[in-house]
Amino acid sequence: RYFPYGKGLRDKLARRGYHKSKKVIITNPDTFEIADRLPYLKQSQTIFVPFAIDPDKYDISDETNLRNQYSTENEFLIFCPARQIWSEKGNDKMIRAFAKFQKIIPNSKFIMVAWSLDEYKSKELVNSLGISDRIIWIKPVPKNQLIKYYNMADVVLDQFTLGSWGTSTPEAMSCGKPVIMYYKENYILRAFGELPPILNSFTEDEISSNLLTLAKNPDLKKKIGYESREWVKRTH
């Protein structure tokens with residue numbers, strides 16, 4: 001995502017390296033847009049290689065014991081593993097969206113990871129919206145623990161600004177979980193040749209609406225979770 005633009009020797013050498021290379025591997029679909037604008041890089045040089053997601057590692061598992069630590073049996077549980085950087089992840093959008101959703105589905109909780117630049121701002125926003133008792137903050141966890149958090153949740157939220165994803169979305173999908181996030185269709189079609197069964201959402205209202213759809217339709221939630229895992233197995 002960060003290509004060399006400066007006038008220093010390092011940037012000049014990097015640009016020359018990109019220009020001379022036969023192929024430049026791209027793993028994040030949104031970087032197509034950046035690469036296409038670079039005068040020293042031809043579109044034919046870029047090749048997309050998706051993140052390697054092992055479906056045997058990122059698999060469906062029963063995490064009832066972990067879930068019971070955070071919620072009662074009938075609560076709708078949302079999980080977001082994204083770091084708190086509003087400009088990149090849109091954490092403020094998802095917090096406001098959850099506040100709207102929680103008014104209709106009060107028997108719900110939202111688990112977020114407390115780390116990075118805007119952690120304090122996110123916590124302030126939660127307090128100002130009066131939903132502190134519905135938010136659970138956890139510290140960053142290692143991958144083997146993260147898989148358990150994916151599996152205990154009803155739905156996973158990722159990011160709502162860049163229009164693409166990193167590893168969290170396909171990891172959660174591989175665990176059979178429906179994902180709500182924002183992606184730009186042209187990026188994804190160029191990378192994969194097909195669109196995923198993700199509930200594409202950009203605005204607070206779209207996020208909240210899709211949360212409601214899943215909360216009110218458990219069969220649909222299960223169906224999207226199954227289709228999500230199959231999509232990752234087919235494309236990654």
# chains A, B, ... in the order shown; residues from 1 in each chain; ligands from 1
call {"tool": "residues_around", "arguments": {"residues": "range 147-150 of chain A", "least_positions_apart": "6", "cutoff": "7 Å", "atoms": "only C-alpha atoms", "output": "number ranges by chain"}}
result
A: 58, 63, 156, 172, 175
call {"tool": "closest_atom_pairs", "arguments": {"of": "range 136-220 of chain A", "to": "range 25-44 of chain A", "cutoff": "8 Å", "atoms": "only C-alpha atoms", "output": "tab-separated table"}}
result
residue	atom	partner	partner_atom	distance
A:Leu162	CA	A:Asp30	CA	7.0
A:Gly163	CA	A:Asp30	CA	6.5
A:Ser164	CA	A:Asp30	CA	5.5
A:Trp165	CA	A:Asn28	CA	6.8
A:Gly166	CA	A:Asn28	CA	6.4
A:Lys184	CA	A:Asp30	CA	8.0
A:Tyr187	CA	A:Pro29	CA	5.3
A:Ile188	CA	A:Pro29	CA	6.2
A:Arg190	CA	A:Pro29	CA	7.9
A:Ala191	CA	A:Pro29	CA	6.1
call {"tool": "write_last_selection", "arguments": {"atoms": "N, CA, C and O atoms", "output": "compact mmCIF listing (two decimals), in the first residue's frame"}}
result
# COMPACT_ATOMS: atom_id res chain seq x y z
N LEU A 162 -11.35 1.39 3.50
CA LEU A 162 -10.44 1.17 2.37
C LEU A 162 -11.11 0.52 1.17
O LEU A 162 -10.70 0.71 0.03
N GLY A 163 -12.12 -0.30 1.41
CA GLY A 163 -12.78 -0.99 0.31
C GLY A 163 -12.15 -2.33 -0.02
O GLY A 163 -12.32 -2.86 -1.12
N SER A 164 -11.43 -2.90 0.94
CA SER A 164 -10.78 -4.19 0.74
C SER A 164 -10.53 -4.81 2.11
O SER A 164 -10.94 -4.25 3.13
N TRP A 165 -9.88 -5.96 2.14
CA TRP A 165 -9.62 -6.62 3.42
C TRP A 165 -8.18 -7.13 3.48
O TRP A 165 -7.49 -7.23 2.48
N GLY A 166 -7.77 -7.46 4.71
CA GLY A 166 -6.48 -8.10 4.94
C GLY A 166 -6.70 -9.58 5.18
O GLY A 166 -7.29 -10.27 4.37
N LYS A 184 -14.88 -2.69 -2.39
CA LYS A 184 -15.18 -2.15 -3.72
C LYS A 184 -15.21 -3.30 -4.70
O LYS A 184 -14.24 -4.04 -4.84
N TYR A 187 -12.35 -3.94 -7.32
CA TYR A 187 -11.12 -4.53 -6.78
C TYR A 187 -11.26 -6.04 -6.68
O TYR A 187 -10.38 -6.81 -7.10
N ILE A 188 -12.36 -6.46 -6.08
CA ILE A 188 -12.54 -7.88 -5.75
C ILE A 188 -12.74 -8.71 -7.01
O ILE A 188 -12.20 -9.82 -7.13
N ARG A 190 -11.57 -8.04 -9.95
CA ARG A 190 -10.27 -8.10 -10.62
C ARG A 190 -9.36 -9.13 -9.95
O ARG A 190 -8.61 -9.85 -10.64
N ALA A 191 -9.44 -9.21 -8.64
CA ALA A 191 -8.57 -10.13 -7.91
C ALA A 191 -9.05 -11.58 -7.98
O ALA A 191 -8.25 -12.49 -8.20
call {"tool": "residues_around", "arguments": {"residues": "Pro140 in chain A", "least_positions_apart": "4", "cutoff": "8 Å", "atoms": "only C-alpha atoms", "output": "list in words"}}
result
Val113, Ala114 and Trp115 of chain A
call {"tool": "write_last_selection", "arguments": {"atoms": "C-alpha atoms", "output": "compact mmCIF listing (two decimals), in the first residue's frame"}}
result
# COMPACT_ATOMS: atom_id res chain seq x y z
CA VAL A 113 -9.89 -5.12 20.56
CA ALA A 114 -8.44 -2.27 22.63
CA TRP A 115 -5.32 -1.21 20.78
call {"tool": "closest_residue", "arguments": {"among": "A:Leu146, A:Ile47, A:Ile95, A:Val24", "to": "Glu204 in chain A", "atoms": "only C-alpha atoms"}}
result
A:Ile95
call {"tool": "closest_residue", "arguments": {"among": "A:Ala14, A:Met94, A:Ile136, A:Cys80", "to": "Asp158 in chain A", "atoms": "only C-alpha atoms"}}
result
A:Cys80
call {"tool": "closest_residue", "arguments": {"among": "A:Lys143, A:Lys223, A:Arg16, A:Lys93", "to": "Phe160 in chain A", "atoms": "only C-alpha atoms"}}
result
A:Lys93
call {"tool": "atom_distance", "arguments": {"atom1": "CA of Phe79 in chain A", "atom2": "CA of Ile105 in chain A"}}
result
15.7 Å
call {"tool": "residues_around", "arguments": {"residues": "Met173 in chain A", "least_positions_apart": "6", "cutoff": "12 Å", "atoms": "only C-alpha atoms", "output": "compact mmCIF listing (two decimals) with N, CA and C atoms, in the first residue's frame"}}
result
# COMPACT_ATOMS: atom_id res chain seq x y z
N ILE A 53 -4.83 -18.93 3.39
CA ILE A 53 -5.70 -19.25 4.52
C ILE A 53 -5.90 -20.77 4.54
N ASP A 54 -5.39 -21.41 5.58
CA ASP A 54 -5.49 -22.86 5.71
C ASP A 54 -6.84 -23.21 6.33
N PRO A 55 -7.77 -23.81 5.55
CA PRO A 55 -9.10 -24.11 6.11
C PRO A 55 -9.08 -25.19 7.19
N TYR A 58 -8.06 -22.68 10.14
CA TYR A 58 -9.19 -21.77 10.36
C TYR A 58 -10.47 -22.54 10.05
N ASP A 59 -10.88 -23.32 11.03
CA ASP A 59 -11.99 -24.24 10.84
C ASP A 59 -13.09 -23.96 11.86
N ILE A 60 -14.23 -24.56 11.64
CA ILE A 60 -15.37 -24.42 12.54
C ILE A 60 -15.11 -25.22 13.81
N ILE A 147 -8.81 -17.49 16.47
CA ILE A 147 -9.70 -18.46 15.83
C ILE A 147 -10.86 -18.80 16.75
N TYR A 150 -13.36 -15.89 16.66
CA TYR A 150 -14.18 -15.96 15.45
C TYR A 150 -15.33 -16.94 15.66
N ASN A 151 -14.99 -18.11 16.17
CA ASN A 151 -15.97 -19.19 16.27
C ASN A 151 -17.03 -18.94 17.33
N ALA A 153 -18.39 -16.04 18.00
CA ALA A 153 -19.25 -14.91 17.61
C ALA A 153 -20.36 -15.35 16.67
N ASP A 154 -21.43 -14.56 16.64
CA ASP A 154 -22.50 -14.76 15.66
C ASP A 154 -22.14 -14.14 14.32
N VAL A 155 -21.44 -13.02 14.37
CA VAL A 155 -21.04 -12.32 13.15
C VAL A 155 -19.75 -11.57 13.42
N VAL A 156 -18.93 -11.39 12.38
CA VAL A 156 -17.66 -10.68 12.50
C VAL A 156 -17.72 -9.42 11.65
N LEU A 157 -17.32 -8.30 12.23
CA LEU A 157 -17.16 -7.04 11.50
C LEU A 157 -15.68 -6.84 11.24
N ASP A 158 -15.35 -6.26 10.07
CA ASP A 158 -13.93 -6.03 9.78
C ASP A 158 -13.64 -4.54 9.61
N TRP A 165 -9.88 -5.96 2.14
CA TRP A 165 -9.62 -6.62 3.42
C TRP A 165 -8.18 -7.13 3.48
N THR A 167 -6.27 -10.06 6.35
CA THR A 167 -6.44 -11.48 6.65
C THR A 167 -7.68 -11.78 7.50
N VAL A 179 -19.56 -12.28 7.51
CA VAL A 179 -18.75 -11.08 7.72
C VAL A 179 -19.47 -9.87 7.14
N ILE A 180 -19.46 -8.80 7.90
CA ILE A 180 -19.95 -7.51 7.42
C ILE A 180 -18.76 -6.58 7.30
N MET A 181 -18.56 -6.02 6.12
CA MET A 181 -17.46 -5.08 5.89
C MET A 181 -17.74 -4.33 4.59
N PRO A 196 -17.65 -12.20 -3.13
CA PRO A 196 -17.82 -13.09 -1.98
C PRO A 196 -19.20 -12.93 -1.34
N PRO A 197 -19.60 -13.89 -0.51
CA PRO A 197 -20.87 -13.78 0.21
C PRO A 197 -20.74 -12.92 1.47
N ILE A 198 -20.15 -11.75 1.29
CA ILE A 198 -19.98 -10.78 2.38
C ILE A 198 -21.12 -9.78 2.33
N LEU A 199 -21.62 -9.35 3.48
CA LEU A 199 -22.66 -8.32 3.51
C LEU A 199 -21.95 -6.96 3.39
N LYS A 221 -28.19 -16.54 8.48
CA LYS A 221 -26.86 -16.40 9.09
C LYS A 221 -26.06 -17.69 8.90
N LYS A 222 -26.69 -18.81 9.13
CA LYS A 222 -26.02 -20.09 8.97
C LYS A 222 -25.66 -20.34 7.51
N LYS A 223 -26.57 -19.99 6.59
CA LYS A 223 -26.34 -20.19 5.16
C LYS A 223 -25.16 -19.35 4.67
N ILE A 224 -25.12 -18.09 5.07
CA ILE A 224 -24.01 -17.22 4.65
C ILE A 224 -22.70 -17.70 5.24
N GLY A 225 -22.74 -18.19 6.48
CA GLY A 225 -21.53 -18.74 7.10
C GLY A 225 -20.99 -19.92 6.32
N TYR A 226 -21.87 -20.82 5.90
CA TYR A 226 -21.45 -21.98 5.10
C TYR A 226 -20.88 -21.53 3.76
N GLU A 227 -21.59 -20.63 3.08
CA GLU A 227 -21.13 -20.14 1.78
C GLU A 227 -19.80 -19.40 1.91
N SER A 228 -19.59 -18.73 3.01
CA SER A 228 -18.34 -17.99 3.24
C SER A 228 -17.15 -18.93 3.32
N ARG A 229 -17.31 -19.99 4.08
CA ARG A 229 -16.22 -20.97 4.20
C ARG A 229 -15.92 -21.61 2.85
N GLU A 230 -16.95 -21.97 2.10
CA GLU A 230 -16.75 -22.59 0.80
C GLU A 230 -16.06 -21.62 -0.16
N TRP A 231 -16.39 -20.35 -0.08
CA TRP A 231 -15.78 -19.35 -0.96
C TRP A 231 -14.27 -19.23 -0.69
N VAL A 232 -13.91 -19.20 0.59
CA VAL A 232 -12.49 -19.11 0.94
C VAL A 232 -11.74 -20.37 0.50
N LYS A 233 -12.33 -21.52 0.69
CA LYS A 233 -11.69 -22.77 0.26
C LYS A 233 -11.47 -22.78 -1.25
N ARG A 234 -12.40 -22.18 -1.98
CA ARG A 234 -12.31 -22.17 -3.45
C ARG A 234 -11.33 -21.12 -3.97
N THR A 235 -11.21 -20.00 -3.30
CA THR A 235 -10.44 -18.88 -3.84
C THR A 235 -9.08 -18.67 -3.18
N HIS A 236 -8.84 -19.28 -2.05
CA HIS A 236 -7.58 -19.08 -1.34
C HIS A 236 -6.75 -20.37 -1.27
call {"tool": "select_by_dssp", "arguments": {"residues": "range 2-202 of chain A", "states": "strand (DSSP E or B)", "output": "list in words"}}
result
Val24, Ile25, Ile26, Thr46, Ile47, Phe48, Phe76, Leu77, Ile78, Phe79, Cys80, Ser108, Lys109, Phe110, Ile111, Met112, Val113, Ile135, Ile136, Trp137, Ile138, Val155, Val156, Leu157, Val179, Ile180, Met181, Leu199 and Asn200 of chain A
call {"tool": "write_last_selection", "arguments": {"atoms": "N, CA, C and O atoms", "output": "compact mmCIF listing (two decimals), in the first residue's frame"}}
result
# COMPACT_ATOMS: atom_id res chain seq x y z
N VAL A 24 5.12 -7.82 -10.05
CA VAL A 24 5.00 -7.29 -8.70
C VAL A 24 3.78 -7.96 -8.06
O VAL A 24 2.67 -7.85 -8.58
N ILE A 25 4.00 -8.67 -6.98
CA ILE A 25 2.91 -9.39 -6.32
C ILE A 25 2.10 -8.46 -5.44
O ILE A 25 2.66 -7.70 -4.64
N ILE A 26 0.79 -8.51 -5.59
CA ILE A 26 -0.13 -7.73 -4.78
C ILE A 26 -0.99 -8.70 -3.97
O ILE A 26 -1.55 -9.65 -4.52
N THR A 46 1.64 -6.32 -12.60
CA THR A 46 1.08 -6.70 -11.31
C THR A 46 0.35 -8.04 -11.39
O THR A 46 -0.32 -8.34 -12.38
N ILE A 47 0.50 -8.82 -10.36
CA ILE A 47 -0.17 -10.10 -10.27
C ILE A 47 -0.73 -10.25 -8.86
O ILE A 47 -0.06 -9.92 -7.87
N PHE A 48 -1.96 -10.71 -8.76
CA PHE A 48 -2.60 -10.85 -7.46
C PHE A 48 -2.39 -12.25 -6.91
O PHE A 48 -2.62 -13.25 -7.60
N PHE A 76 -26.94 -11.99 21.22
CA PHE A 76 -26.33 -11.92 19.89
C PHE A 76 -24.95 -11.30 20.06
O PHE A 76 -24.82 -10.17 20.55
N LEU A 77 -23.92 -12.01 19.65
CA LEU A 77 -22.55 -11.61 19.93
C LEU A 77 -21.82 -11.22 18.65
O LEU A 77 -21.73 -11.99 17.70
N ILE A 78 -21.30 -10.00 18.64
CA ILE A 78 -20.57 -9.45 17.49
C ILE A 78 -19.11 -9.30 17.88
O ILE A 78 -18.78 -8.89 18.99
N PHE A 79 -18.22 -9.62 16.95
CA PHE A 79 -16.79 -9.51 17.22
C PHE A 79 -16.10 -8.75 16.09
O PHE A 79 -16.37 -8.98 14.92
N CYS A 80 -15.20 -7.84 16.47
CA CYS A 80 -14.38 -7.13 15.48
C CYS A 80 -12.92 -7.18 15.93
O CYS A 80 -12.59 -6.65 16.99
N SER A 108 -27.77 -7.98 23.06
CA SER A 108 -26.61 -8.12 22.18
C SER A 108 -25.39 -7.49 22.82
O SER A 108 -25.50 -6.57 23.65
N LYS A 109 -24.21 -7.95 22.41
CA LYS A 109 -22.95 -7.39 22.87
C LYS A 109 -21.97 -7.31 21.72
O LYS A 109 -22.06 -8.07 20.75
N PHE A 110 -21.02 -6.38 21.85
CA PHE A 110 -20.02 -6.14 20.81
C PHE A 110 -18.64 -6.23 21.44
O PHE A 110 -18.31 -5.46 22.34
N ILE A 111 -17.83 -7.18 20.96
CA ILE A 111 -16.46 -7.35 21.46
C ILE A 111 -15.48 -6.69 20.49
O ILE A 111 -15.48 -6.99 19.30
N MET A 112 -14.66 -5.79 21.03
CA MET A 112 -13.65 -5.10 20.22
C MET A 112 -12.28 -5.22 20.88
O MET A 112 -12.18 -5.46 22.08
N VAL A 113 -11.26 -5.02 20.07
CA VAL A 113 -9.89 -5.12 20.56
C VAL A 113 -9.38 -3.72 20.92
O VAL A 113 -9.43 -2.80 20.10
N ILE A 135 -20.52 -3.18 25.49
CA ILE A 135 -19.23 -3.30 24.81
C ILE A 135 -18.25 -4.05 25.69
O ILE A 135 -18.13 -3.79 26.89
N ILE A 136 -17.55 -5.00 25.08
CA ILE A 136 -16.50 -5.74 25.79
C ILE A 136 -15.17 -5.45 25.10
O ILE A 136 -15.02 -5.67 23.89
N TRP A 137 -14.21 -4.94 25.86
CA TRP A 137 -12.88 -4.65 25.33
C TRP A 137 -11.93 -5.77 25.72
O TRP A 137 -11.87 -6.17 26.88
N ILE A 138 -11.20 -6.29 24.74
CA ILE A 138 -10.19 -7.29 25.03
C ILE A 138 -8.84 -6.81 24.51
O ILE A 138 -8.77 -5.92 23.65
N VAL A 155 -21.44 -13.02 14.37
CA VAL A 155 -21.04 -12.32 13.15
C VAL A 155 -19.75 -11.57 13.42
O VAL A 155 -19.48 -11.16 14.55
N VAL A 156 -18.93 -11.39 12.38
CA VAL A 156 -17.66 -10.68 12.50
C VAL A 156 -17.72 -9.42 11.65
O VAL A 156 -18.14 -9.44 10.49
N LEU A 157 -17.32 -8.30 12.23
CA LEU A 157 -17.16 -7.04 11.50
C LEU A 157 -15.68 -6.84 11.24
O LEU A 157 -14.84 -7.17 12.08
N VAL A 179 -19.56 -12.28 7.51
CA VAL A 179 -18.75 -11.08 7.72
C VAL A 179 -19.47 -9.87 7.14
O VAL A 179 -20.01 -9.93 6.03
N ILE A 180 -19.46 -8.80 7.90
CA ILE A 180 -19.95 -7.51 7.42
C ILE A 180 -18.76 -6.58 7.30
O ILE A 180 -18.02 -6.39 8.26
N MET A 181 -18.56 -6.02 6.12
CA MET A 181 -17.46 -5.08 5.89
C MET A 181 -17.74 -4.33 4.59
O MET A 181 -18.74 -4.59 3.93
N LEU A 199 -21.62 -9.35 3.48
CA LEU A 199 -22.66 -8.32 3.51
C LEU A 199 -21.95 -6.96 3.39
O LEU A 199 -21.50 -6.38 4.38
N ASN A 200 -21.88 -6.49 2.16
CA ASN A 200 -21.14 -5.28 1.84
C ASN A 200 -21.84 -4.06 2.43
O ASN A 200 -23.01 -3.79 2.13
call {"tool": "select_by_dssp", "arguments": {"residues": "range 35-69 of chain A", "states": "alpha helix (DSSP H)", "output": "PyMOL selection string"}}
result
chain A and resi 35-36+64-69
call {"tool": "write_last_selection", "arguments": {"atoms": "N, CA and C atoms", "output": "compact mmCIF listing (two decimals), in the first residue's frame"}}
result
# COMPACT_ATOMS: atom_id res chain seq x y z
N ALA A 35 -1.42 1.03 -7.58
CA ALA A 35 -0.43 0.58 -8.55
C ALA A 35 -0.76 1.07 -9.96
N ASP A 36 -2.05 1.13 -10.29
CA ASP A 36 -2.46 1.56 -11.62
C ASP A 36 -2.10 3.02 -11.90
N THR A 64 -18.24 -22.80 22.95
CA THR A 64 -19.29 -22.44 23.92
C THR A 64 -18.70 -21.95 25.24
N ASN A 65 -17.64 -22.59 25.70
CA ASN A 65 -17.05 -22.20 26.98
C ASN A 65 -16.52 -20.78 26.94
N LEU A 66 -15.84 -20.42 25.86
CA LEU A 66 -15.35 -19.04 25.73
C LEU A 66 -16.52 -18.07 25.60
N ARG A 67 -17.52 -18.43 24.81
CA ARG A 67 -18.68 -17.57 24.62
C ARG A 67 -19.39 -17.29 25.95
N ASN A 68 -19.48 -18.32 26.79
CA ASN A 68 -20.16 -18.16 28.07
C ASN A 68 -19.44 -17.20 29.01
N GLN A 69 -18.18 -16.93 28.74
CA GLN A 69 -17.45 -15.95 29.56
C GLN A 69 -17.90 -14.52 29.28
call {"tool": "closest_residue", "arguments": {"among": "A:Thr72, A:Lys20, A:Pro81, A:Phe51", "to": "Gln145 in chain A", "atoms": "only C-alpha atoms"}}
result
A:Pro81
call {"tool": "atom_distance", "arguments": {"atom1": "CA of Gln102 in chain A", "atom2": "CA of Tyr183 in chain A"}}
result
24.3 Å
call {"tool": "atom_distance", "arguments": {"atom1": "CA of Ser201 in chain A", "atom2": "CA of Asp92 in chain A"}}
result
13.8 Å
call {"tool": "closest_residue", "arguments": {"among": "A:Ser168, A:Leu189, A:Pro178, A:Ser87", "to": "Pro218 in chain A", "atoms": "only C-alpha atoms"}}
result
A:Pro178
call {"tool": "decode", "arguments": {"residues": "range 112-122 of chain A", "atoms": "all heavy atoms", "output": "PDB file, in the first residue's frame"}}
result
ATOM      1  N   MET A 112     -14.661  -5.786  21.026  1.00  0.00           N
ATOM      2  CA  MET A 112     -13.652  -5.098  20.223  1.00  0.00           C
ATOM      3  C   MET A 112     -12.285  -5.220  20.881  1.00  0.00           C
ATOM      4  O   MET A 112     -12.184  -5.464  22.084  1.00  0.00           O
ATOM      5  CB  MET A 112     -14.020  -3.621  20.051  1.00  0.00           C
ATOM      6  CG  MET A 112     -15.216  -3.380  19.152  1.00  0.00           C
ATOM      7  SD  MET A 112     -15.483  -1.614  18.832  1.00  0.00           S
ATOM      8  CE  MET A 112     -16.163  -1.094  20.410  1.00  0.00           C
ATOM      9  N   VAL A 113     -11.260  -5.015  20.067  1.00  0.00           N
ATOM     10  CA  VAL A 113      -9.886  -5.119  20.560  1.00  0.00           C
ATOM     11  C   VAL A 113      -9.377  -3.723  20.915  1.00  0.00           C
ATOM     12  O   VAL A 113      -9.429  -2.802  20.095  1.00  0.00           O
ATOM     13  CB  VAL A 113      -8.969  -5.769  19.510  1.00  0.00           C
ATOM     14  CG1 VAL A 113      -7.552  -5.895  20.056  1.00  0.00           C
ATOM     15  CG2 VAL A 113      -9.504  -7.147  19.131  1.00  0.00           C
ATOM     16  N   ALA A 114      -8.898  -3.566  22.126  1.00  0.00           N
ATOM     17  CA  ALA A 114      -8.437  -2.269  22.627  1.00  0.00           C
ATOM     18  C   ALA A 114      -6.957  -2.078  22.314  1.00  0.00           C
ATOM     19  O   ALA A 114      -6.085  -2.431  23.108  1.00  0.00           O
ATOM     20  CB  ALA A 114      -8.685  -2.176  24.132  1.00  0.00           C
ATOM     21  N   TRP A 115      -6.700  -1.522  21.123  1.00  0.00           N
ATOM     22  CA  TRP A 115      -5.315  -1.212  20.780  1.00  0.00           C
ATOM     23  C   TRP A 115      -5.256  -0.253  19.607  1.00  0.00           C
ATOM     24  O   TRP A 115      -6.202  -0.108  18.852  1.00  0.00           O
ATOM     25  CB  TRP A 115      -4.514  -2.486  20.495  1.00  0.00           C
ATOM     26  CG  TRP A 115      -4.787  -3.177  19.193  1.00  0.00           C
ATOM     27  CD1 TRP A 115      -5.963  -3.706  18.776  1.00  0.00           C
ATOM     28  CD2 TRP A 115      -3.848  -3.427  18.140  1.00  0.00           C
ATOM     29  NE1 TRP A 115      -5.833  -4.287  17.547  1.00  0.00           N
ATOM     30  CE2 TRP A 115      -4.543  -4.134  17.123  1.00  0.00           C
ATOM     31  CE3 TRP A 115      -2.489  -3.134  17.948  1.00  0.00           C
ATOM     32  CZ2 TRP A 115      -3.930  -4.557  15.938  1.00  0.00           C
ATOM     33  CZ3 TRP A 115      -1.883  -3.557  16.767  1.00  0.00           C
ATOM     34  CH2 TRP A 115      -2.596  -4.257  15.786  1.00  0.00           C
ATOM     35  N   SER A 116      -4.151   0.448  19.498  1.00  0.00           N
ATOM     36  CA  SER A 116      -3.778   1.358  18.408  1.00  0.00           C
ATOM     37  C   SER A 116      -4.230   2.799  18.647  1.00  0.00           C
ATOM     38  O   SER A 116      -4.746   3.153  19.703  1.00  0.00           O
ATOM     39  CB  SER A 116      -4.285   0.848  17.056  1.00  0.00           C
ATOM     40  OG  SER A 116      -3.447   1.334  16.022  1.00  0.00           O
ATOM     41  N   LEU A 117      -4.033   3.625  17.626  1.00  0.00           N
ATOM     42  CA  LEU A 117      -4.036   5.081  17.753  1.00  0.00           C
ATOM     43  C   LEU A 117      -5.321   5.677  18.308  1.00  0.00           C
ATOM     44  O   LEU A 117      -5.285   6.627  19.089  1.00  0.00           O
ATOM     45  CB  LEU A 117      -3.744   5.716  16.386  1.00  0.00           C
ATOM     46  CG  LEU A 117      -2.407   5.367  15.738  1.00  0.00           C
ATOM     47  CD1 LEU A 117      -2.307   6.001  14.356  1.00  0.00           C
ATOM     48  CD2 LEU A 117      -1.250   5.817  16.619  1.00  0.00           C
ATOM     49  N   ASP A 118      -6.466   5.146  17.902  1.00  0.00           N
ATOM     50  CA  ASP A 118      -7.743   5.759  18.272  1.00  0.00           C
ATOM     51  C   ASP A 118      -8.494   4.983  19.349  1.00  0.00           C
ATOM     52  O   ASP A 118      -9.723   5.102  19.464  1.00  0.00           O
ATOM     53  CB  ASP A 118      -8.628   5.918  17.026  1.00  0.00           C
ATOM     54  CG  ASP A 118      -8.064   6.929  16.047  1.00  0.00           C
ATOM     55  OD1 ASP A 118      -7.493   7.942  16.499  1.00  0.00           O
ATOM     56  OD2 ASP A 118      -8.189   6.718  14.820  1.00  0.00           O
ATOM     57  N   GLU A 119      -7.776   4.218  20.135  1.00  0.00           N
ATOM     58  CA  GLU A 119      -8.427   3.445  21.202  1.00  0.00           C
ATOM     59  C   GLU A 119      -9.190   4.370  22.149  1.00  0.00           C
ATOM     60  O   GLU A 119     -10.351   4.108  22.489  1.00  0.00           O
ATOM     61  CB  GLU A 119      -7.381   2.651  21.983  1.00  0.00           C
ATOM     62  CG  GLU A 119      -7.960   1.895  23.174  1.00  0.00           C
ATOM     63  CD  GLU A 119      -6.896   1.233  24.039  1.00  0.00           C
ATOM     64  OE1 GLU A 119      -5.759   1.057  23.552  1.00  0.00           O
ATOM     65  OE2 GLU A 119      -7.203   0.898  25.196  1.00  0.00           O
ATOM     66  N   TYR A 120      -8.556   5.467  22.566  1.00  0.00           N
ATOM     67  CA  TYR A 120      -9.200   6.388  23.506  1.00  0.00           C
ATOM     68  C   TYR A 120     -10.438   7.025  22.881  1.00  0.00           C
ATOM     69  O   TYR A 120     -11.491   7.145  23.536  1.00  0.00           O
ATOM     70  CB  TYR A 120      -8.207   7.465  23.951  1.00  0.00           C
ATOM     71  CG  TYR A 120      -8.779   8.451  24.934  1.00  0.00           C
ATOM     72  CD1 TYR A 120      -9.025   8.080  26.259  1.00  0.00           C
ATOM     73  CD2 TYR A 120      -9.086   9.749  24.538  1.00  0.00           C
ATOM     74  CE1 TYR A 120      -9.568   8.989  27.161  1.00  0.00           C
ATOM     75  CE2 TYR A 120      -9.621  10.666  25.441  1.00  0.00           C
ATOM     76  CZ  TYR A 120      -9.860  10.280  26.751  1.00  0.00           C
ATOM     77  OH  TYR A 120     -10.399  11.176  27.648  1.00  0.00           O
ATOM     78  N   LYS A 121     -10.340   7.415  21.607  1.00  0.00           N
ATOM     79  CA  LYS A 121     -11.489   8.019  20.926  1.00  0.00           C
ATOM     80  C   LYS A 121     -12.653   7.034  20.829  1.00  0.00           C
ATOM     81  O   LYS A 121     -13.823   7.417  20.994  1.00  0.00           O
ATOM     82  CB  LYS A 121     -11.088   8.494  19.521  1.00  0.00           C
ATOM     83  CG  LYS A 121     -10.226   9.736  19.500  1.00  0.00           C
ATOM     84  CD  LYS A 121      -9.666  10.007  18.104  1.00  0.00           C
ATOM     85  CE  LYS A 121     -10.745  10.220  17.072  1.00  0.00           C
ATOM     86  NZ  LYS A 121     -10.164  10.532  15.736  1.00  0.00           N
ATOM     87  N   SER A 122     -12.349   5.787  20.543  1.00  0.00           N
ATOM     88  CA  SER A 122     -13.399   4.773  20.449  1.00  0.00           C
ATOM     89  C   SER A 122     -14.088   4.585  21.794  1.00  0.00           C
ATOM     90  O   SER A 122     -15.323   4.479  21.860  1.00  0.00           O
ATOM     91  CB  SER A 122     -12.811   3.444  19.963  1.00  0.00           C
ATOM     92  OG  SER A 122     -12.393   3.529  18.616  1.00  0.00           O
TER      93      SER A 122
END
